[in-house]
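Participant: Take this structure, written in structure tokens, and hold onto it; I'll ask about it next.
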Amino acid sequence: MRSRPPSPFRILAAVVIPARHREFVLGDLDEMFARRAARFGRRTATFRYLLDTLASAFAGLRPRRGRALGSEMRAPGSGGPSPLGKPRVGILSDVRLALRWVRREVGLVTLAVITLALGVGSSAAVFGMVDQLLLRPLPGVRDGRGAAYLQFRSIEEPERTQGRGIATLDFDDLRRSATLLSGIASFGNVSLKVSVGNARPIRVHGNTIYGDFFETLGAWPVAGRLLRASETELGADPLKAVISEDLARKLFGSVEAAPGRTLRMNDEMVAVVGVVGGGFAGAERGIQNDVWLPYGALVPLVGFAAERLLDRNSVMHSDIIVRPRPGVSADAIRDQAGEILRRLGLASTESGPYLAKLRPWVFEGLHTPPIVRRATYSSLRMLTVVVGLVLLLACANVANLLLFRNVRRRGMVATLRALGASTGRIARLHLALSLVIGSLGALVGIGVGWVISVPFKGASLMRMPAFEGLVLDWRALAFAIGASGITTLVFGTLPALVAGRFDLAGSLRSSTGTDSGHFVRVRSALSAIQLSLGMALLVGALLLLRTMQNLYSVDLGIDSEGISALTLDLPRDLGPEDQQSLVRRLLATAGRLPEVKGAAADPYGPFGPSLIGRIRLPGAPEADELRADVLPVTPGWFELLGVRTVRGRTFRDTDWNVGTTDIVILTESLARRLFGRIDVVGQVVEAGFGPPAPMEILGVVSDVRSAHAPDRPEDTFFVTPPALPWALPYFTLLLDVQAFNPEVAQRIRTAVEAELPDEPVPDPEPIAERLDYINAEAAVYTTLLALLSTIAVVLSAVGLYGVVAFTVAARQREFGVRLALGAEGGRIARLVAQNVSGILGAGTVLGLGAAFALSQLLQNRLFGVEPLDPASYAGAAAVFAAVAIVACSAPTLRAIRVDPVTTLREE
Amino acid sequence: MKRMALGELERLVLLTLARLDGEGHGATIAAELEARAGRRVAPGALYTVLDRLQEKGCVEAWIGDSTPERGGRRRKVYRLLPAGAREARDWYGGVRSLADGTAERLKRLAEGTS
């Protein structure tokens with residue numbers, strides 16, 4: 001049998017061995033391999049083959065003594081008649097030459113590499129974010145791109161991104177009639193207390209599912225089995241669950257141990273049928289679900305009435321996933337769903353009129369949930385534009401630097417040409433140089449990208465999971481290499497093309513070059529564009545920074561300093577009155593701790609969700625009724641959170657103890673909206689959670705604002721907890737803990753746990769953290785834009801420096817003559833400044849225009865600052881003036897210090 | 001006659017060619033060099049040396065036949081030219097006359113026993 005080396009090594013050899021002797025060297029290598037394999041065995045032979053290959057590749061790289069650069073281009077066979085004909089020159093020898101050039105111009109190449117790395121790094125970091133948010137498949141989902149979300153929106157409110165639901169019976173009809181789908185299911189979110197045996201329960205998020213949920217998603221079991229469509233329907237036993245791998249490990253120690261076990265969920269016993277694999281966490285990115293239950297589980301676990309699930313007015317199926325049959329388009333699905341809705345709308349069922357107003361929306365690909373998809377896309381579009389600009393800046397710089405190098409090296413190129421090198425050969429040299437710069441740039445760029453992504457670790461973006469930072473997987477690597485490869489190829493060839501047509505004789509005569517008007521114009525234009533892009537980004541960053549500042553400095557009307565919140569699950573079987581006394585006990589327990597200076601309670605705590613109530617003047621028509629936030633609060637709440645009493649008084653313990661329900665406190669702005677004044681203590685309004693009932697106004701307090709929409713006061717009225725007509729599943733203790741630390745948190749938790757033996761108790765969290773969470777997205781954009789604009793400023797400074805340095809170099813002779821004739825340094829500096837002012841002027845005008853365009857893109861992210869905020873624009877202009885001075889000073893000084901004798905000698 | 005400036009490896013290659021009856025290609029030269037002189041030379045490096053020898057008129061080269069164990073690739077065959085043979089002979093003669101009678105002494109010196 002003929003023995004050959006393993007093919008990867010053969011391919012490697014074919015690539016790395018210089019073309020000059022490739023055929024013979026490869027033949028020899030094969031022959032030697034065969035011989036060694038016969039004598040020493042395949043392994044030794046392979047090892048030697050690899051060694052010889054590498055040695056052969058680098059054999060030609062060692063510089064040969066006594067040879068001038070360009071000898072590669074010498075006419076073949078000049079040492080005598082060669083029977084072998086013309087030697088071929090491979091890309092490796094080009095790279096070798098390029099490496100020699102790199103050695104000669106370390107400074108310039110370093111600058112180009114850094115420039116490229118900044119551009120590639122920032123775009124790789126942003127690509128990493130886009131990848132994690134959009135492109136990467138959902139964990140545990142097979143072919144999420146082939147599936148879609150189906151949503152119903154009302155024609156009356158098409159802008160509302162939260163979908164409308166349809167009733168179970170109508171959904172069944174849709175399932176039966178949608179022939180273009182191979183799978184369809186709906187899911188809802190539930191939050192459950194889960195425990196094994198007598199352990200303290202933990203809080204777990206899950207989905208109730210209806211239809212072929214797991215099949216549609218392409219999920220697979222790692223232990224046991226998944227729930228079939230028939231098991232999710234209403235007749236089936238609902239107390240069965242599929243759980244996540246994480247939960248199985250946490251509760252049972254291992255994935256395999258889970259199937260067949262029983263879990264206590266909201267005090268019902270639920271059988272675990274299986275564990276879903278691949279890190280599956282549900283059909284939407286951003287929410288970690290751990291439990292999947294049949295839709296019917298809402299009856300025993302959450303307390304829904306069984307009839308309600310079948311009621312045509314109970315429109316529960318709003319989150320729907322579908323999988324089209326092969327070859328079916330999203331439009332076809334939408335059309336068919338629309339057709340079915342129209343038919344259901346015409347049917348004489350109770351839900352007919354409602355369904356007639358719904359229209360289907362299809363969102364292809366299971367990644368961003370429909371509710372935030374548009375916002376996500378627009379955010380990512382903005383990021384892409386910005387990062388594209390930065391990359392463009394970097395490209396312009398690289399091109400600029402290469403042009404500059406070209407001109408400086410034109411003497412060398414001319415020598416090469418004079419020795420007979422073809423234009424193609426010279427272009428290949430340029431390409432090889434680009435290759436070297438490009439690979440270095442990609443390498444350093446990955447590092448830069450990683451550094452950029454560090455501040456964003458754990459940032460919550462667009463309701464998406466924590467950003468992992470720039471994970472150096474093959475996708476990020478491929479992106480960095482692709483970006484820098486394309487950049488350098490395009491921008492490395494441009495100078496090569498320019499190099500193809502220049503005056504050979506002229507360049508040979510003088511090494512500095514005289515006529516470079518063409519280059520100067522191109523480069524000045526490039527630099528002006530760079531300046532304008534940098535300025536636009538800087539304006540955008542300043543606008544966002546001011547927004548951030550405003551977001552944190554706005555007075556929300558609530559003093560969250562030192563206040564911690566503890567949101568508790570309350571036992572479900574308690575009636576409203578028992579719940580009240582439990583909250584009272586908990587407040588007393590917490591208040592006894594020495595670290596706690598004050599305590600109050602409301603359902604969710606500040607900056608959390610709110611309850612909506614109705615309020616109107618007595619006897620006013622229903623049309624004049626206002627929707628307002630209604631907060632049941634315990635006495636002491638206002639004082640604890642620094643909400644001022646403006647008129648009258650706030651609640652007292654006695655109000656709560658006797659169970660008074662007919663007193664209300666208004667905020668100033670709500671009092672004004674209702675009465676047109678704030679002196680309204682003792683007046684009567686009609687208010688409540690459901691149908692309004694008469695209530696007496698006890699007092700008026702200062703305004704509160706929502707952290708989500710801080711631009712105007714939230715209409716809010718306050719009632720006593722007994723005014724709640726039902727028992728809430730949660731209540732939040734608000735504690736004044738000035739010296740908050742983990743130990744104090746633990747002590748508070750232990751005290752509360754003693755009162756709530758069967759409920760999960762979380763750690764108390766400072767309310768300020770809630771604010772940070774709400775402002776996180778703004779913070780992410782601000783930091784990112786600040787970073788990118790800093791990079792842009794640096795890049796435009798480098799660009800400007802390059803142009804000025806080049807201009808000075810090109811006019812060196814002129815300056816020399818002027819200095820020799822007695823011109824003073826100041827005069828030369830003025831000449832340089834004249835040159836630069838044109839660039840600066842054009843850059844500023846263009847930049848302000850570009851900034852205006854960018855600020856329009858940012859408009860709905862701004863708070864408390866106008867898109868045309870003069871301070872931001874002036875600030876950016878000032879920064880660039882400073883940058884210009886710094887960038888110009890070094891070359892100008894060089895121009896002044898130029899020795900006239902040196903210059904004149906070249907004449 | 002003016003002496004050529006040849007490197008050690010170049011001279012070794014000339015001698016190797018002489019051993020191979022004046023004719024050889026990369027793989028045979030490399031194998032002989034390794035077997036006799038203990039010099040491991042990668043084919044790529046060998047061709048650099050052979051090119052130089054060709055430029056100096058010590059060897060001539062032509063394209064030979066292809067064989068299956070070379071993966072169907074052709075060989076490049078080098079032949080020792082009279083100038084090369086003279087170079088090798090003169091050099092080797094010089095080395096031999098210098099070395100004459102030093103074998104015992106060198107052995108002692110190398111072993112450090114004087």
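Starting from 1 in every chain, residues are counted up; chains themselves are A, B, ... following the order of the structure tokens, and ligands are numbered from 1 as listed.
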Using only C-alpha atoms and a cut-off of 6 Å, which residues of chain A sit close to chain B? Please list them as a ChimeraX atom specification.
Facilitator: /A:24-25,27-28,30-32,52,55-56,59,79
Participant: Go ahead and save the residues from that selection, with N, CA, C and O atoms, as a compact mmCIF listing (two decimals), in the first residue's frame.
Facilitator:
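The new file out.txt reads:
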```txt
# COMPACT_ATOMS: atom_id res chain seq x y z
N PHE A 24 8.62 20.42 -6.30
CA PHE A 24 9.71 19.51 -5.99
C PHE A 24 9.80 19.25 -4.50
O PHE A 24 10.03 18.12 -4.07
N VAL A 25 9.59 20.32 -3.71
CA VAL A 25 9.67 20.15 -2.26
C VAL A 25 8.57 19.22 -1.79
O VAL A 25 8.79 18.29 -1.01
N GLY A 27 7.03 16.97 -3.50
CA GLY A 27 7.36 15.62 -3.96
C GLY A 27 8.38 14.97 -3.05
O GLY A 27 8.22 13.83 -2.61
N ASP A 28 9.43 15.74 -2.72
CA ASP A 28 10.46 15.20 -1.83
C ASP A 28 9.87 14.84 -0.48
O ASP A 28 10.20 13.80 0.08
N ASP A 30 6.85 13.99 0.27
CA ASP A 30 6.07 12.76 0.17
C ASP A 30 6.98 11.53 0.09
O ASP A 30 6.76 10.52 0.75
N GLU A 31 8.02 11.67 -0.72
CA GLU A 31 8.94 10.55 -0.91
C GLU A 31 9.64 10.20 0.40
O GLU A 31 9.73 9.03 0.79
N MET A 32 10.09 11.25 1.13
CA MET A 32 10.76 11.02 2.39
C MET A 32 9.80 10.42 3.41
O MET A 32 10.19 9.57 4.22
N ASP A 52 9.70 19.10 8.72
CA ASP A 52 10.33 19.47 7.45
C ASP A 52 9.49 20.50 6.71
O ASP A 52 10.03 21.42 6.07
N ALA A 55 10.08 23.82 8.41
CA ALA A 55 11.43 24.27 8.13
C ALA A 55 11.53 24.74 6.68
O ALA A 55 12.18 25.75 6.38
N SER A 56 10.87 24.03 5.77
CA SER A 56 10.92 24.41 4.36
C SER A 56 10.21 25.73 4.13
O SER A 56 10.62 26.54 3.30
N ALA A 59 12.49 28.38 5.49
CA ALA A 59 13.85 28.37 4.97
C ALA A 59 14.11 29.62 4.14
O ALA A 59 15.16 30.23 4.23
N GLY A 79 21.70 35.10 -13.48
CA GLY A 79 22.99 34.53 -13.11
C GLY A 79 23.50 33.55 -14.16
O GLY A 79 24.45 32.84 -13.93
```
Participant: Which residues, written as an MDAnalysis selection string, have at least one atom at most 10 Å from Val448 of chain A, with only C-alpha atoms counted and residues fewer than 6 positions away on the same chain left out?
Facilitator: chainID A and resid 114 117:125 441:442
Participant: Can I get the selected residues back with N, CA and C atoms, as a tab-separated table (two decimals), in the first residue's frame?
Facilitator:
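New file result26.tsv:
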```tsv
chain	number	residue	atom	x	y	z
A	114	ILE	N	-3.40	49.99	15.84
A	114	ILE	CA	-4.21	50.45	16.97
A	114	ILE	C	-5.54	51.01	16.46
A	117	ALA	N	-7.66	48.26	15.41
A	117	ALA	CA	-8.10	47.47	16.55
A	117	ALA	C	-9.24	48.18	17.27
A	118	LEU	N	-9.16	49.51	17.38
A	118	LEU	CA	-10.24	50.25	18.04
A	118	LEU	C	-11.55	50.07	17.28
A	119	GLY	N	-11.46	50.20	15.96
A	119	GLY	CA	-12.67	50.05	15.15
A	119	GLY	C	-13.21	48.63	15.21
A	120	VAL	N	-12.32	47.67	15.01
A	120	VAL	CA	-12.75	46.27	14.98
A	120	VAL	C	-13.22	45.84	16.37
A	121	GLY	N	-12.50	46.27	17.40
A	121	GLY	CA	-12.86	45.88	18.76
A	121	GLY	C	-14.23	46.39	19.16
A	122	SER	N	-14.51	47.68	18.87
A	122	SER	CA	-15.80	48.20	19.29
A	122	SER	C	-16.92	47.53	18.50
A	123	SER	N	-16.68	47.29	17.21
A	123	SER	CA	-17.76	46.65	16.46
A	123	SER	C	-17.93	45.20	16.87
A	124	ALA	N	-16.83	44.55	17.26
A	124	ALA	CA	-16.97	43.16	17.72
A	124	ALA	C	-17.75	43.12	19.03
A	125	ALA	N	-17.52	44.11	19.91
A	125	ALA	CA	-18.25	44.14	21.18
A	125	ALA	C	-19.74	44.32	20.92
A	441	GLY	N	-4.35	43.80	13.43
A	441	GLY	CA	-5.50	44.58	13.89
A	441	GLY	C	-6.58	43.70	14.45
A	442	ALA	N	-6.85	42.56	13.79
A	442	ALA	CA	-7.89	41.66	14.27
A	442	ALA	C	-7.51	41.12	15.64
```
Participant: Write down as an MDAnalysis selection string the residues of segment 182-229 of chain A whose backbone DSSP state falls under helix (DSSP H, G or I).
Facilitator: chainID A and resid 213:217 229
Participant: Got time to write the residues from that selection, C-alpha atoms, as a tab-separated table (two decimals), in the first residue's frame?
Facilitator:
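The result, stored in selection_33.tsv:
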```
chain	number	residue	atom	x	y	z
A	213	PHE	CA	-45.81	23.46	23.11
A	214	PHE	CA	-42.68	21.32	23.26
A	215	GLU	CA	-43.09	19.93	19.72
A	216	THR	CA	-43.50	23.42	18.28
A	217	LEU	CA	-40.33	24.55	20.02
A	229	ALA	CA	-50.65	18.25	23.51
```
Participant: With only C-alpha atoms as the basis for distance, which of B:Asp90, B:Asp65, B:Thr16, B:Glu10 is at the shortest distance from Asp51 of chain B?
Facilitator: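 Looking only at the distances to Asp51 of chain B, the closest residue turns out to be B:Glu10.
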Participant: Any idea what's packed within 10 Å of Glu157 of chain A, counting only C-alpha atoms, ignoring anything in its chain fewer than 4 positions away? Could you give it as number ranges by chain?
Facilitator: A: 153, 161, 357-358
Participant: Give me, as a ChimeraX atom specification, all polymer residues having an atom no more than 12 Å from Gly7 of chain B, counting only C-alpha atoms and skipping those fewer than 4 positions away in the same chain.
Facilitator: /B:11-14,49-50,52-53,87-88,91
Participant: Run DSSP on the backbone of this structure and report the residues of segment 46-103 of chain B it assigns to strand (DSSP E or B), as number ranges by chain.
Facilitator: B: 59-66, 74-80
Participant: With a distance cut-off of 9 Å and only C-alpha atoms, select the neighbouring residues of Gly338 of chain A, excluding the residue or stretch itself and same-chain residues fewer than 5 positions from it, and output the selection as number ranges by chain.
Facilitator: A: 333, 343, 358-360
